[in-house]
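Undergrad: See upload22.cif below, with mmCIF, C-alpha atoms.
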data_coords
loop_
_atom_site.label_atom_id
_atom_site.label_comp_id
_atom_site.auth_asym_id
_atom_site.auth_seq_id
_atom_site.Cartn_x
_atom_site.Cartn_y
_atom_site.Cartn_z
CA MET A 267 0.00 0.00 0.00
CA THR A 268 1.29 3.49 -0.71
CA ALA A 269 1.79 5.74 2.27
CA ALA A 270 -1.36 7.68 2.86
CA ALA A 271 -3.01 10.06 5.27
CA ASP A 272 -4.15 8.64 8.56
CA PRO A 273 -7.67 7.49 7.75
CA GLY A 274 -8.92 9.06 10.94
CA THR A 275 -8.17 12.55 9.69
CA VAL A 276 -10.05 12.36 6.41
CA ALA A 277 -13.71 13.23 6.84
CA VAL A 278 -16.09 10.47 5.83
CA HIS A 279 -19.62 11.41 4.81
CA ARG A 280 -22.28 8.75 5.02
CA ARG A 281 -25.73 7.92 3.74
CA VAL A 282 -27.99 4.95 4.30
CA GLU A 283 -31.30 3.94 2.75
CA MET A 284 -33.40 0.77 2.84
CA ILE A 285 -33.87 -0.49 -0.71
CA MET A 286 -34.44 -3.97 -2.10
CA GLY A 287 -35.15 -5.06 1.45
CA MET A 288 -31.68 -4.27 2.72
CA PRO A 289 -29.65 -1.34 4.02
CA ILE A 290 -27.69 0.42 1.30
CA SER A 291 -24.81 2.23 3.00
CA LEU A 292 -22.54 4.78 1.41
CA ALA A 293 -19.28 6.20 2.72
CA VAL A 294 -17.63 8.99 0.77
CA ARG A 295 -14.40 10.97 1.04
CA ARG A 296 -13.85 13.92 -1.24
CA THR A 297 -10.13 14.03 -1.89
CA ASP A 298 -10.27 17.78 -2.21
CA GLY A 299 -12.12 18.11 1.06
CA VAL A 300 -15.30 19.50 -0.49
CA ARG A 301 -18.60 17.68 -0.15
CA ALA A 302 -20.69 19.42 -2.78
CA GLY A 303 -22.61 17.19 -5.14
CA LEU A 304 -22.94 14.24 -2.81
CA ASP A 305 -26.67 14.71 -2.25
CA ALA A 306 -27.44 14.76 -5.96
CA ALA A 307 -25.30 11.71 -6.66
CA TRP A 308 -26.87 9.80 -3.79
CA ALA A 309 -30.37 10.69 -4.96
CA GLU A 310 -29.51 9.24 -8.35
CA VAL A 311 -28.07 6.09 -6.80
CA VAL A 312 -31.22 5.58 -4.73
CA ALA A 313 -33.51 6.23 -7.70
CA ASP A 314 -31.68 3.75 -9.91
CA LEU A 315 -31.66 1.07 -7.22
CA ARG A 316 -35.39 1.52 -6.74
CA GLU A 317 -35.89 1.11 -10.49
CA ILE A 318 -33.84 -2.08 -10.42
CA ASP A 319 -35.99 -3.28 -7.55
CA ARG A 320 -39.13 -2.65 -9.58
CA ILE A 321 -37.78 -4.91 -12.28
CA PHE A 322 -36.33 -7.67 -10.16
CA SER A 323 -38.17 -7.80 -6.86
CA THR A 324 -39.59 -11.22 -6.17
CA TYR A 325 -41.74 -9.68 -3.44
CA ARG A 326 -43.72 -7.68 -5.98
CA ASN A 327 -46.24 -9.61 -8.03
CA ASP A 328 -46.10 -7.00 -10.76
CA SER A 329 -42.33 -6.90 -11.14
CA ILE A 330 -40.94 -7.97 -14.48
CA ILE A 331 -39.14 -10.91 -12.96
CA SER A 332 -42.30 -12.16 -11.26
CA ARG A 333 -44.29 -11.90 -14.45
CA LEU A 334 -41.53 -13.56 -16.43
CA GLY A 335 -41.34 -16.37 -13.90
CA ARG A 336 -45.09 -16.98 -14.19
CA GLY A 337 -44.85 -17.03 -17.96
CA GLU A 338 -46.98 -13.90 -18.48
CA ILE A 339 -44.20 -12.37 -20.54
CA VAL A 340 -41.21 -13.78 -22.36
CA LEU A 341 -37.61 -12.72 -22.24
CA ASP A 342 -37.95 -10.82 -25.53
CA GLN A 343 -40.23 -8.35 -23.80
CA CYS A 344 -37.92 -7.72 -20.87
CA PRO A 345 -35.33 -4.99 -20.63
CA PRO A 346 -31.86 -6.22 -21.57
CA GLU A 347 -30.82 -6.14 -17.93
CA VAL A 348 -32.86 -9.27 -17.32
CA GLY A 349 -30.95 -11.24 -19.91
CA GLU A 350 -27.71 -9.96 -18.53
CA VAL A 351 -28.60 -11.13 -15.03
CA PHE A 352 -29.61 -14.51 -16.43
CA GLY A 353 -26.24 -14.88 -18.10
CA ILE A 354 -24.42 -14.02 -14.89
CA GLY A 355 -26.58 -16.42 -12.93
CA ALA A 356 -26.15 -19.27 -15.36
CA GLU A 357 -22.39 -18.85 -15.45
CA ALA A 358 -22.26 -18.60 -11.66
CA ASN A 359 -24.22 -21.82 -11.39
CA ARG A 360 -21.75 -23.58 -13.61
CA ARG A 361 -18.64 -22.22 -11.90
CA SER A 362 -19.91 -22.94 -8.44
CA GLY A 363 -20.82 -26.51 -9.26
CA GLY A 364 -24.48 -25.81 -8.58
CA SER A 365 -24.13 -24.10 -5.20
CA PHE A 366 -25.15 -20.76 -6.64
CA SER A 367 -28.42 -20.73 -8.50
CA ILE A 368 -31.05 -18.29 -9.69
CA MET A 369 -33.62 -21.06 -9.51
CA LEU A 370 -34.73 -21.79 -5.98
CA PRO A 371 -36.21 -25.14 -5.15
CA THR A 372 -39.66 -24.86 -3.65
CA ASP A 373 -42.38 -27.33 -2.84
CA ASP A 374 -44.12 -26.29 -6.05
CA GLY A 375 -41.06 -26.83 -8.17
CA PRO A 376 -38.21 -24.52 -9.09
CA ARG A 377 -38.96 -20.83 -8.82
CA LEU A 378 -37.04 -18.08 -10.60
CA ASP A 379 -35.25 -15.92 -8.02
CA PRO A 380 -32.21 -14.01 -9.21
CA THR A 381 -31.96 -11.99 -6.00
CA GLY A 382 -28.50 -13.32 -5.20
CA VAL A 383 -27.14 -12.09 -8.52
CA VAL A 384 -29.11 -8.85 -8.65
CA LYS A 385 -27.77 -7.47 -5.39
CA GLY A 386 -24.12 -7.42 -6.41
CA TRP A 387 -24.90 -6.59 -10.03
CA ALA A 388 -27.03 -3.62 -8.98
CA VAL A 389 -24.38 -2.19 -6.66
CA GLU A 390 -21.78 -2.50 -9.40
CA ARG A 391 -24.08 -0.71 -11.84
CA VAL A 392 -24.88 2.26 -9.67
CA SER A 393 -21.28 2.51 -8.46
CA GLN A 394 -20.43 3.83 -11.90
CA LEU A 395 -22.43 6.96 -11.06
CA LEU A 396 -20.06 7.58 -8.19
CA THR A 397 -16.91 6.60 -10.08
CA GLU A 398 -17.76 9.33 -12.60
CA LEU A 399 -17.56 12.00 -9.93
CA ASP A 400 -14.15 13.59 -9.82
CA ASP A 401 -11.93 13.12 -6.83
CA VAL A 402 -14.33 10.99 -4.85
CA ASP A 403 -13.33 7.98 -2.82
CA PHE A 404 -16.38 5.87 -2.02
CA CYS A 405 -17.53 2.62 -0.56
CA LEU A 406 -21.06 1.45 -1.42
CA SER A 407 -22.47 -1.50 0.47
CA ALA A 408 -25.68 -3.46 0.10
CA GLY A 409 -26.09 -5.43 3.29
CA GLY A 410 -22.37 -6.13 3.61
CA ASP A 411 -21.57 -6.77 -0.06
CA MET A 412 -19.74 -3.73 -1.35
CA VAL A 413 -17.73 -1.92 -3.99
CA CYS A 414 -14.78 0.24 -2.90
CA HIS A 415 -13.07 2.87 -4.99
CA THR A 416 -10.32 5.37 -4.42
CA ALA A 417 -9.75 8.16 -6.88
CA THR A 418 -6.05 8.89 -6.37
CA GLU A 419 -2.84 7.14 -5.44
CA GLN A 420 -2.68 9.22 -2.29
CA SER A 421 -6.09 8.13 -1.06
CA PRO A 422 -5.92 5.81 1.92
CA PRO A 423 -7.48 2.41 1.34
CA TRP A 424 -10.89 1.75 2.79
CA ARG A 425 -10.68 -0.35 5.93
CA ILE A 426 -13.28 -3.09 5.70
CA GLY A 427 -14.09 -4.87 8.93
CA ILE A 428 -14.98 -8.54 8.68
CA GLU A 429 -17.63 -9.50 11.21
CA ASP A 430 -16.75 -12.27 13.62
CA PRO A 431 -19.30 -14.96 12.71
CA ARG A 432 -19.34 -16.12 16.34
CA ASP A 433 -20.08 -12.63 17.68
CA PRO A 434 -21.41 -10.00 15.29
CA THR A 435 -20.59 -7.21 17.70
CA LYS A 436 -16.93 -7.89 17.04
CA ILE A 437 -14.56 -7.58 14.12
CA ILE A 438 -12.26 -10.51 13.40
CA ALA A 439 -10.16 -9.01 10.61
CA VAL A 440 -9.62 -5.81 8.67
CA VAL A 441 -9.07 -5.81 4.91
CA PRO A 442 -7.57 -2.70 3.28
CA VAL A 443 -9.23 -2.17 -0.09
CA SER A 444 -8.32 0.62 -2.50
CA CYS A 445 -10.25 -0.64 -5.52
CA GLY A 446 -12.25 -3.82 -5.28
CA ALA A 447 -15.32 -5.60 -4.13
CA VAL A 448 -16.01 -7.48 -0.89
CA ALA A 449 -18.67 -10.12 -0.25
CA THR A 450 -19.21 -12.35 2.76
CA SER A 451 -21.24 -15.52 2.98
CA GLY A 452 -22.21 -17.17 6.23
CA ALA A 453 -24.91 -19.03 8.06
CA SER A 454 -26.95 -16.32 9.67
CA ARG A 455 -27.52 -14.34 6.52
CA ARG A 456 -28.79 -16.78 3.94
CA GLY A 457 -28.48 -20.03 5.79
CA GLU A 458 -31.72 -21.37 4.51
CA HIS A 459 -30.59 -21.05 0.91
CA ILE A 460 -27.08 -22.32 1.16
CA VAL A 461 -26.63 -26.04 1.30
CA ASP A 462 -23.76 -28.19 0.28
CA ALA A 463 -25.03 -29.53 -3.02
CA ARG A 464 -23.25 -32.80 -2.36
CA THR A 465 -25.11 -33.54 0.88
CA GLY A 466 -28.22 -31.39 0.61
CA ARG A 467 -27.49 -30.09 4.11
CA PRO A 468 -25.81 -26.94 5.45
CA PRO A 469 -22.04 -27.04 5.11
CA THR A 470 -19.89 -28.08 8.04
CA GLY A 471 -16.50 -26.96 9.25
CA ILE A 472 -17.01 -23.36 8.19
CA ALA A 473 -18.54 -20.26 9.77
CA SER A 474 -18.03 -17.64 7.07
CA VAL A 475 -16.15 -16.83 3.89
CA THR A 476 -15.18 -13.35 2.71
CA VAL A 477 -14.00 -12.87 -0.86
CA ILE A 478 -12.27 -9.76 -2.17
CA ALA A 479 -12.09 -9.49 -5.97
CA ASP A 480 -12.31 -6.97 -8.80
CA SER A 481 -15.98 -7.59 -9.41
CA LEU A 482 -18.78 -7.76 -6.87
CA THR A 483 -20.75 -10.34 -8.81
CA ARG A 484 -17.61 -12.48 -8.84
CA ALA A 485 -17.00 -11.98 -5.12
CA ASP A 486 -20.64 -12.79 -4.34
CA VAL A 487 -20.66 -16.00 -6.33
CA ASP A 488 -17.32 -17.19 -5.05
CA ALA A 489 -18.16 -16.44 -1.42
CA THR A 490 -21.42 -18.35 -1.71
CA ALA A 491 -19.88 -21.24 -3.59
CA ALA A 492 -16.96 -21.51 -1.18
CA TYR A 493 -19.18 -21.38 1.89
CA ALA A 494 -21.37 -24.15 0.51
CA LEU A 495 -18.30 -26.35 0.17
CA GLY A 496 -17.57 -26.23 3.90
CA CYS A 497 -14.29 -27.95 4.73
CA ASP A 498 -13.31 -27.87 1.04
CA ALA A 499 -13.68 -24.10 0.75
CA VAL A 500 -9.97 -23.31 1.06
CA ASP A 501 -8.91 -25.73 -1.66
CA TRP A 502 -11.63 -24.49 -4.00
CA LEU A 503 -10.70 -20.85 -3.41
CA ALA A 504 -7.06 -21.66 -4.09
CA ARG A 505 -8.11 -22.71 -7.60
CA GLN A 506 -9.94 -19.45 -8.38
CA SER A 507 -7.48 -16.97 -9.74
CA GLY A 508 -7.74 -13.25 -9.03
CA LEU A 509 -9.03 -13.02 -5.49
CA LEU A 510 -8.25 -12.81 -1.78
CA ALA A 511 -10.32 -14.79 0.64
CA LEU A 512 -10.72 -15.18 4.38
CA VAL A 513 -12.23 -18.40 5.65
CA VAL A 514 -13.36 -18.41 9.28
CA GLU A 515 -13.82 -21.78 10.93
CA PRO A 516 -16.39 -22.40 13.66
CA ASP A 517 -13.79 -21.94 16.43
CA GLY A 518 -12.75 -18.58 15.03
CA HIS A 519 -9.58 -19.80 13.37
CA CYS A 520 -8.84 -17.79 10.21
CA ILE A 521 -7.29 -19.05 6.98
CA THR A 522 -6.29 -16.60 4.28
CA VAL A 523 -6.15 -17.56 0.60
CA ASP A 524 -4.10 -15.09 -1.44
CA ASN A 525 -4.71 -15.85 -5.10
CA ARG A 526 -4.34 -12.39 -6.56
CA THR A 527 -1.63 -13.43 -8.97
CA GLY A 528 -2.73 -16.93 -9.87
CA THR A 529 -0.12 -18.53 -7.65
CA PRO A 530 -2.12 -19.23 -4.52
CA LYS A 531 -0.70 -18.75 -1.04
CA ILE A 532 -2.56 -20.26 1.88
CA ILE A 533 -1.85 -18.68 5.26
CA GLY A 534 -2.97 -20.20 8.51
CA ARG A 535 -3.55 -23.81 7.60
CA PRO A 536 -1.37 -26.19 9.58
CA MET B 204 -33.64 3.77 -16.50
CA LYS B 205 -31.99 5.91 -19.15
CA LYS B 206 -28.73 5.85 -17.25
CA ILE B 207 -28.81 2.12 -16.99
CA ALA B 208 -29.51 1.78 -20.69
CA ILE B 209 -26.46 3.89 -21.38
CA TRP B 210 -24.37 1.72 -19.11
CA ILE B 211 -25.55 -1.32 -20.99
CA ALA B 212 -24.12 0.10 -24.16
CA SER B 213 -20.88 1.08 -22.55
CA THR B 214 -20.33 -2.28 -20.90
CA VAL B 215 -21.46 -4.31 -23.83
CA THR B 216 -18.08 -5.93 -24.25
CA VAL B 217 -18.48 -7.62 -20.89
CA VAL B 218 -21.90 -9.13 -21.14
CA VAL B 219 -23.30 -8.58 -24.50
CA LEU B 220 -26.96 -8.45 -25.11
CA LEU B 221 -27.04 -11.99 -25.82
CA PHE B 222 -30.58 -12.28 -26.06
CA GLY B 223 -31.61 -12.36 -29.48
CA TYR B 224 -33.93 -14.74 -27.87
CA HIS B 225 -36.48 -15.52 -30.45
CA THR B 226 -39.44 -17.66 -29.75
CA SER B 227 -40.65 -18.28 -33.21
CA THR B 228 -43.79 -20.04 -32.15
CA ASN B 229 -44.84 -17.34 -29.75
CA LYS B 230 -45.72 -14.68 -32.25
CA THR B 231 -49.33 -14.72 -31.26
CA SER B 232 -48.67 -14.75 -27.56
CA ALA B 233 -47.87 -11.78 -25.39
CA LEU B 234 -45.60 -10.21 -27.97
CA GLY B 235 -46.97 -6.90 -29.10
CA SER B 236 -49.26 -6.47 -26.17
CA THR B 237 -48.49 -3.72 -23.74
CA THR B 238 -45.89 -4.58 -21.21
CA ASP B 239 -47.17 -2.20 -18.58
CA GLN B 240 -43.95 -0.29 -18.36
CA SER B 241 -44.08 2.93 -16.41
CA PRO B 242 -43.70 5.99 -18.57
CA GLY B 243 -40.26 7.33 -19.00
CA THR B 244 -38.48 4.03 -19.03
CA THR B 245 -36.88 2.62 -22.08
CA VAL B 246 -37.84 -0.95 -21.48
CA GLY B 247 -39.89 -2.95 -23.88
CA GLN B 248 -38.60 -1.25 -26.97
CA SER B 249 -37.11 -3.15 -29.81
CA GLY B 250 -34.87 -4.68 -27.34
CA GLN B 251 -31.54 -5.09 -29.04
CA SER B 252 -28.91 -2.41 -28.91
CA SER B 253 -27.04 -1.55 -32.04
CA SER B 254 -23.97 -3.24 -30.75
CA THR B 255 -25.28 -6.77 -30.81
CA PRO B 256 -23.85 -9.01 -33.49
CA SER B 257 -25.32 -8.17 -36.81
CA SER B 258 -25.96 -11.67 -38.01
CA ALA B 259 -29.55 -12.43 -38.69
CA PRO B 260 -31.20 -13.66 -35.56
CA SER B 261 -31.45 -17.37 -35.44
CA THR B 262 -34.89 -18.59 -34.69
CA SER B 263 -34.42 -21.72 -32.76
CA PRO B 264 -37.74 -23.44 -32.46
CA PRO B 265 -38.49 -24.68 -29.00
CA LYS B 266 -37.51 -28.22 -28.33
CA THR B 267 -40.09 -30.20 -26.49
CA GLY B 268 -38.65 -32.32 -23.76
CA THR B 269 -40.31 -34.89 -21.63
CA GLY B 270 -43.09 -33.88 -19.29
CA GLY B 271 -44.12 -30.84 -21.31
CA SER B 272 -40.87 -28.91 -20.85
CA LYS B 273 -39.60 -26.78 -23.65
CA SER B 274 -36.23 -25.18 -23.94
CA TYR B 275 -35.24 -22.08 -25.81
CA THR B 276 -31.76 -21.20 -26.83
CA GLY B 277 -30.55 -17.66 -27.16
CA ASP B 278 -28.21 -16.49 -29.86
CA VAL B 279 -24.53 -16.97 -29.40
CA ALA B 280 -23.05 -13.62 -28.51
CA GLN B 281 -19.44 -12.59 -28.54
CA THR B 282 -18.32 -11.06 -25.27
CA GLU B 283 -14.96 -9.84 -24.12
CA ARG B 284 -14.39 -13.25 -22.60
CA GLY B 285 -15.64 -15.28 -25.51
CA PRO B 286 -18.99 -16.56 -26.74
CA VAL B 287 -21.86 -16.86 -24.29
CA GLN B 288 -25.15 -18.59 -24.82
CA VAL B 289 -27.91 -19.35 -22.37
CA LYS B 290 -30.61 -21.96 -22.49
CA ILE B 291 -33.93 -21.39 -20.76
CA THR B 292 -36.24 -24.23 -19.88
CA VAL B 293 -39.93 -23.55 -19.67
CA LYS B 294 -42.67 -25.83 -18.39
CA HIS B 295 -46.30 -24.83 -18.62
CA LYS B 296 -45.03 -21.37 -19.49
CA LYS B 297 -43.09 -21.04 -16.23
CA ILE B 298 -39.33 -20.75 -16.28
CA THR B 299 -37.89 -23.78 -14.59
CA GLY B 300 -34.25 -23.51 -15.48
CA VAL B 301 -31.55 -21.26 -16.84
CA SER B 302 -28.28 -22.79 -17.87
CA ILE B 303 -25.23 -21.79 -19.78
CA LEU B 304 -24.34 -23.47 -23.04
CA GLN B 305 -21.27 -21.72 -24.26
CA VAL B 306 -18.95 -20.56 -21.58
CA PRO B 307 -16.72 -17.53 -21.56
CA SER B 308 -13.02 -18.16 -21.19
CA GLU B 309 -11.55 -18.54 -17.75
CA ASP B 310 -8.55 -16.30 -18.35
CA PRO B 311 -7.99 -14.59 -15.03
CA MET B 312 -8.16 -10.84 -15.07
CA ASP B 313 -5.06 -9.09 -13.88
CA VAL B 314 -5.30 -7.83 -10.33
CA ARG B 315 -3.13 -4.83 -9.59
CA ILE B 316 -1.34 -6.01 -6.51
CA ASN B 317 -2.12 -2.80 -4.62
CA ASP B 318 -5.85 -2.93 -5.22
CA TYR B 319 -6.43 -4.79 -1.99
CA ALA B 320 -4.26 -6.28 0.70
CA VAL B 321 -4.14 -9.42 2.76
CA PRO B 322 -6.55 -9.28 5.72
CA ILE B 323 -5.10 -8.15 9.02
CA LEU B 324 -6.28 -10.55 11.67
CA ILE B 325 -7.37 -9.11 14.97
CA LYS B 326 -5.90 -11.21 17.74
CA GLU B 327 -8.53 -10.56 20.32
CA THR B 328 -11.57 -9.60 18.41
CA ILE B 329 -12.34 -5.99 19.16
CA SER B 330 -15.02 -3.46 18.56
CA ALA B 331 -15.48 -1.62 15.30
CA GLN B 332 -14.48 1.69 16.85
CA SER B 333 -11.21 0.26 18.10
CA ALA B 334 -10.42 -1.27 14.74
CA GLN B 335 -11.06 2.07 12.99
CA ILE B 336 -12.99 0.54 10.17
CA ASP B 337 -15.05 2.23 7.49
CA MET B 338 -17.51 -0.49 6.53
CA VAL B 339 -18.56 -3.92 7.74
CA SER B 340 -18.88 -7.09 5.72
CA GLY B 341 -20.69 -9.91 7.43
CA ALA B 342 -23.75 -12.04 7.72
CA THR B 343 -25.90 -9.93 10.00
CA VAL B 344 -25.59 -6.61 8.22
CA THR B 345 -28.62 -7.29 6.12
CA GLY B 346 -32.28 -7.61 6.94
CA GLY B 347 -33.50 -8.02 10.47
CA GLY B 348 -30.02 -7.93 11.94
CA TYR B 349 -29.22 -4.47 10.64
CA LEU B 350 -30.45 -2.28 13.46
CA GLU B 351 -28.19 -3.95 15.98
CA SER B 352 -25.33 -4.37 13.57
CA LEU B 353 -21.97 -2.67 13.59
CA GLN B 354 -22.75 -1.23 10.17
CA SER B 355 -25.76 0.62 11.49
CA ALA B 356 -23.61 2.18 14.21
CA LEU B 357 -21.20 3.40 11.54
CA ASP B 358 -24.03 4.71 9.37
CA ARG B 359 -25.56 6.64 12.26
CA ALA B 360 -22.27 8.09 13.34
CA GLY B 361 -21.56 9.64 9.97
CA ILE B 362 -24.81 11.38 9.16
#
Take the structure in the file and write it out as structure tokens.

TA:
Amino acid sequence: MTAAADPGTVAVHRRVEMIMGMPISLAVRRTDGVRAGLDAAWAEVVADLREIDRIFSTYRNDSIISRLGRGEIVLDQCPPEVGEVFGIGAEANRRSGGSFSIMLPTDDGPRLDPTGVVKGWAVERVSQLLTELDDVDFCLSAGGDMVCHTATEQSPPWRIGIEDPRDPTKIIAVVPVSCGAVATSGASRRGEHIVDARTGRPPTGIASVTVIADSLTRADVDATAAYALGCDAVDWLARQSGLLALVVEPDGHCITVDNRTGTPKIIGRP
Amino acid sequence: MKKIAIWIASTVTVVVLLFGYHTSTNKTSALGSTTDQSPGTTVGQSGQSSSTPSSAPSTSPPKTGTGGSKSYTGDVAQTERGPVQVKITVKHKKITGVSILQVPSEDPMDVRINDYAVPILIKETISAQSAQIDMVSGATVTGGGYLESLQSALDRAGI
């Protein structure tokens, strides 16, 4: 990391809004110390996320995704974003060996639910609004899955705290991120959806996985896929090039997988 | 949605608008009827951007599988990472599956080594304030856990 100002001395401005059923949190540092324009940019971010929610919300009967799932419309009639999300979801399903899916099994048969893909995809989309602002460092999080950006070499990295899965009032690790995406998968968030596809039961030997990568959709998928693999998470992560990962075991022991360069280093495994 | 439509065009090399998804037997179905889009959005218009491949759209007739399932195959589209094609399975008009047929290449993207750093483990796990963190990533940040979460404390402190 380049030497940078003590993070404590750079003013951080924040916003938070509940959208898509989750808290969307923004932290911003203007590198020139001026905070003009933040309100307008945030309003645009919120408006675009609400529009995405109108298309993709599975809680709304009239959303495009709900109507598509019921067969009332076909993909041809949907905005191109729907097809894009389908492509991401299908590829994620393949890469994760089935752990990650946009089809959820229900008692009535498989139901279309791309929520897992949409969250990260949406944050990445609207982050571009903030990247276009000059001299703005930002971190935009949707329920703990986030995109971080720094505008200059002198900007200090964002310090991302990884929640201790045993005690959510505590932080178990800090990851410095200048430009990248962070996603964490663990039991208490989406436990009911994540099963080890090999056993059909929740994974064992693992409490949480955090993945840091260039793309939030990638980090999301890999964190979910790794978590579902339980004891085999570390080995699987070591085969995915272009990421950092932190695996937390049920007793709090941490294993780091550093695969940023394609030559994986595993730290903390005896 | 205008902004998002513009982003689609600008990011087309990543995930191209693959979906020259033509259901040749569905011409009399919902196509052409109103799609109930709110005014001001650009959805529902002749769906393909000008940057999709210019080959004539292939009309792949639905294949009927067992048990009344049909599958539809989208056009092959060239993306930055190679060709991508998706297959959608439909049963009684409901989507029951989405799978990938042609897979983009797995060439890893270069990570600039300074983009992010190895996690610093906290020996005795400590509070967010002590760790001087900016954001929290974890399982309880979302949904019902938010109000008591560390993230909410950060959000409140900064407004």

Undergrad: Written as number ranges by chain, what is the full residue list that the PyMOL selection byres ((chain A and resi 364) around 12) yields on the file shown?

TA: A: 355-363, 365-370, 460-464, 466, 487-488, 490-492, 494-495; B: 301-303

Undergrad: Between CA of Leu482 in chain A and CA of Ser333 in chain B, what is the distance in Å, rounded to a tenth?

TA: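 It comes out at 27.3 Å.
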
Undergrad: Find the residue from B:Ala342, B:Ile298, B:Leu350, B:Val293 that sits nearest to Leu334 in chain A; use only C-alpha atoms when measuring.

TA: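 Ranked by minimum distance to Leu334 in chain A, first place goes to B:Ile298.
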
Undergrad: What gap, in Å, lies between CA of Asn525 in chain A and CA of Val392 in chain A?

TA: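 Computed distance, CA of Asn525 in chain A to CA of Val392 in chain A, equals 27.5 Å.
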
Undergrad: Of the residues A:Glu515, A:Asp342, A:Asp373, A:Asp328, which is the one nearest to chain B, using all atoms listed in the file?

TA: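 Answer, going by the shortest atom-to-atom distance: A:Asp342.
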
Undergrad: Using only C-alpha atoms, can you tell me which of A:Ser407, A:Thr324, A:Gln343, A:Ser444 comes closest to Pro380 in chain A?

TA: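 Comparing A:Ser407, A:Thr324, A:Gln343, A:Ser444 against Pro380 in chain A, the winner is A:Thr324.
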
Undergrad: How far is it from CA of Arg359 in chain B to CA of Leu292 in chain A, in Å with one decimal?

TA: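 Spanning CA of Arg359 in chain B to CA of Leu292 in chain A is a straight-line distance of 11.4 Å.
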
Undergrad: Using only C-alpha atoms, which residues sit within 12 Å of range 320-325 of chain B once same-chain residues fewer than 4 positions away are excluded, as a PyMOL selection string?

TA: (chain A and resi 267-268+423-430+436-446+448+476-479+509-514+518-526+531-534) or (chain B and resi 314-316+329-331+333-336)

Undergrad: So, counting all atoms listed in the file, which residue among A:Pro422, A:Gly452, A:Gly528, A:Pro536 is closest to Ala277 in chain A?

TA: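 Between A:Pro422, A:Gly452, A:Gly528, A:Pro536, the residue approaching Ala277 in chain A most closely is A:Pro422.
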
Undergrad: Have a look at A:Phe352, A:Ala293, A:His415, A:Thr450 and name the one nearest to Thr397 in chain A; count only C-alpha atoms.

TA: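 Using only C-alpha atoms, the shortest distance to Thr397 in chain A belongs to A:His415.
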
Undergrad: On this structure, which residues satisfy the PyMOL selection byres ((chain A and resi 281) around 6), written as a VMD selection string?

TA: chain A and resid 280 282 291 to 292

Undergrad: Pick out the closest residue to chain B from this set: A:Thr529, A:Thr381, A:Thr483, A:Gln506. Count only C-alpha atoms.

TA: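 For chain B, the nearest of the given residues is A:Gln506.
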
Undergrad: Taking (-32.1, -1.1, -11.5) in the file's own coordinates, collect the residues within 9 Å, counting all atoms listed in the file, and hand them back as a VMD selection string.

TA: (chain A and resid 313 to 322 347 384 388 391 to 392) or (chain B and resid 204 207)

Undergrad: So which residues fall inside 12 Å of (-35.1, -27.7, -15.8) if we count all atoms listed in the file? Mind giving them as a PyMOL selection string?

TA: (chain A and resi 368-371+375-378) or (chain B and resi 268-275+290-295+297-302)

Undergrad: Export, as a JSON list (two decimals), keeping the file's coordinate frame, the selected residues with C-alpha atoms.

TA:
[["chain", "number", "residue", "atom", "x", "y", "z"],
["A", 368, "ILE", "CA", -31.05, -18.29, -9.69],
["A", 369, "MET", "CA", -33.62, -21.06, -9.51],
["A", 370, "LEU", "CA", -34.73, -21.79, -5.98],
["A", 371, "PRO", "CA", -36.21, -25.14, -5.15],
["A", 375, "GLY", "CA", -41.06, -26.83, -8.17],
["A", 376, "PRO", "CA", -38.21, -24.52, -9.09],
["A", 377, "ARG", "CA", -38.96, -20.83, -8.82],
["A", 378, "LEU", "CA", -37.04, -18.08, -10.60],
["B", 268, "GLY", "CA", -38.65, -32.32, -23.76],
["B", 269, "THR", "CA", -40.31, -34.89, -21.63],
["B", 270, "GLY", "CA", -43.09, -33.88, -19.29],
["B", 271, "GLY", "CA", -44.12, -30.84, -21.31],
["B", 272, "SER", "CA", -40.87, -28.91, -20.85],
["B", 273, "LYS", "CA", -39.60, -26.78, -23.65],
["B", 274, "SER", "CA", -36.23, -25.18, -23.94],
["B", 275, "TYR", "CA", -35.24, -22.08, -25.81],
["B", 290, "LYS", "CA", -30.61, -21.96, -22.49],
["B", 291, "ILE", "CA", -33.93, -21.39, -20.76],
["B", 292, "THR", "CA", -36.24, -24.23, -19.88],
["B", 293, "VAL", "CA", -39.93, -23.55, -19.67],
["B", 294, "LYS", "CA", -42.67, -25.83, -18.39],
["B", 295, "HIS", "CA", -46.30, -24.83, -18.62],
["B", 297, "LYS", "CA", -43.09, -21.04, -16.23],
["B", 298, "ILE", "CA", -39.33, -20.75, -16.28],
["B", 299, "THR", "CA", -37.89, -23.78, -14.59],
["B", 300, "GLY", "CA", -34.25, -23.51, -15.48],
["B", 301, "VAL", "CA", -31.55, -21.26, -16.84],
["B", 302, "SER", "CA", -28.28, -22.79, -17.87]]

Undergrad: Once the PyMOL selection byres ((chain B and resi 340) around 6) has been applied to the shown file, what residues remain in the selection, as a list in words?

TA: Gly410 and Ile428 of chain A; Val339 and Gly341 of chain B

Undergrad: Can you list, as a short mmCIF file (atom, residue, chain, number, x, y, z; two decimals) with C-alpha atoms, in the coordinates of the input, every protein, DNA or RNA residue that comes within 9 Å of range 399-402 of chain A when you count all atoms listed in the file, leaving out same-chain residues fewer than 4 positions away?

TA:
data_model
loop_
_atom_site.label_atom_id
_atom_site.label_comp_id
_atom_site.auth_asym_id
_atom_site.auth_seq_id
_atom_site.Cartn_x
_atom_site.Cartn_y
_atom_site.Cartn_z
CA VAL A 294 -17.63 8.99 0.77
CA ARG A 295 -14.40 10.97 1.04
CA ARG A 296 -13.85 13.92 -1.24
CA THR A 297 -10.13 14.03 -1.89
CA ASP A 298 -10.27 17.78 -2.21
CA GLY A 303 -22.61 17.19 -5.14
CA ALA A 307 -25.30 11.71 -6.66
CA GLN A 394 -20.43 3.83 -11.90
CA LEU A 395 -22.43 6.96 -11.06
CA HIS A 415 -13.07 2.87 -4.99
CA THR A 416 -10.32 5.37 -4.42
CA ALA A 417 -9.75 8.16 -6.88
CA THR A 418 -6.05 8.89 -6.37
#
